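Beneath this line is the structure, given in structure tokens, with notes to follow.
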Amino acid sequence: IDPQGNASTALGVEHHAEVESIYDVLINDLPLKEVIAPCTDVPNL
């Protein structure tokens with residue numbers, strides 16, 4: 001849970017308002033598996 005998105009930026013993962021995130025899991029009851037974003041720069045992350 002990184003409100004500024006610094007970890008996402010460092011890992012090359014999109015994190016703008018249109019991209020569903022942990023916020024949607026916590027507030028809108030979206031399943032966690034629907035917001036997982038792969039990090040193509042780091043295998044298995």
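Each chain in the structure tokens gets a letter, A, B, ..., in the order shown, and its residues are numbered from 1; ligands are numbered from 1 in order too.
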
- [ ] Fewer than 4 positions away in the same chain doesn't count, so skip those; otherwise give me all residues within 10 Å of region 23-36 of chain A, counting only C-alpha atoms, as an MDAnalysis selection string.
- [x] chainID A and resid 1 3 19

Open item on the list: Please compute the CA of Val42 (chain A)-CA of Leu11 (chain A) distance, one decimal, in Å.
Closed with: 7.9 Å
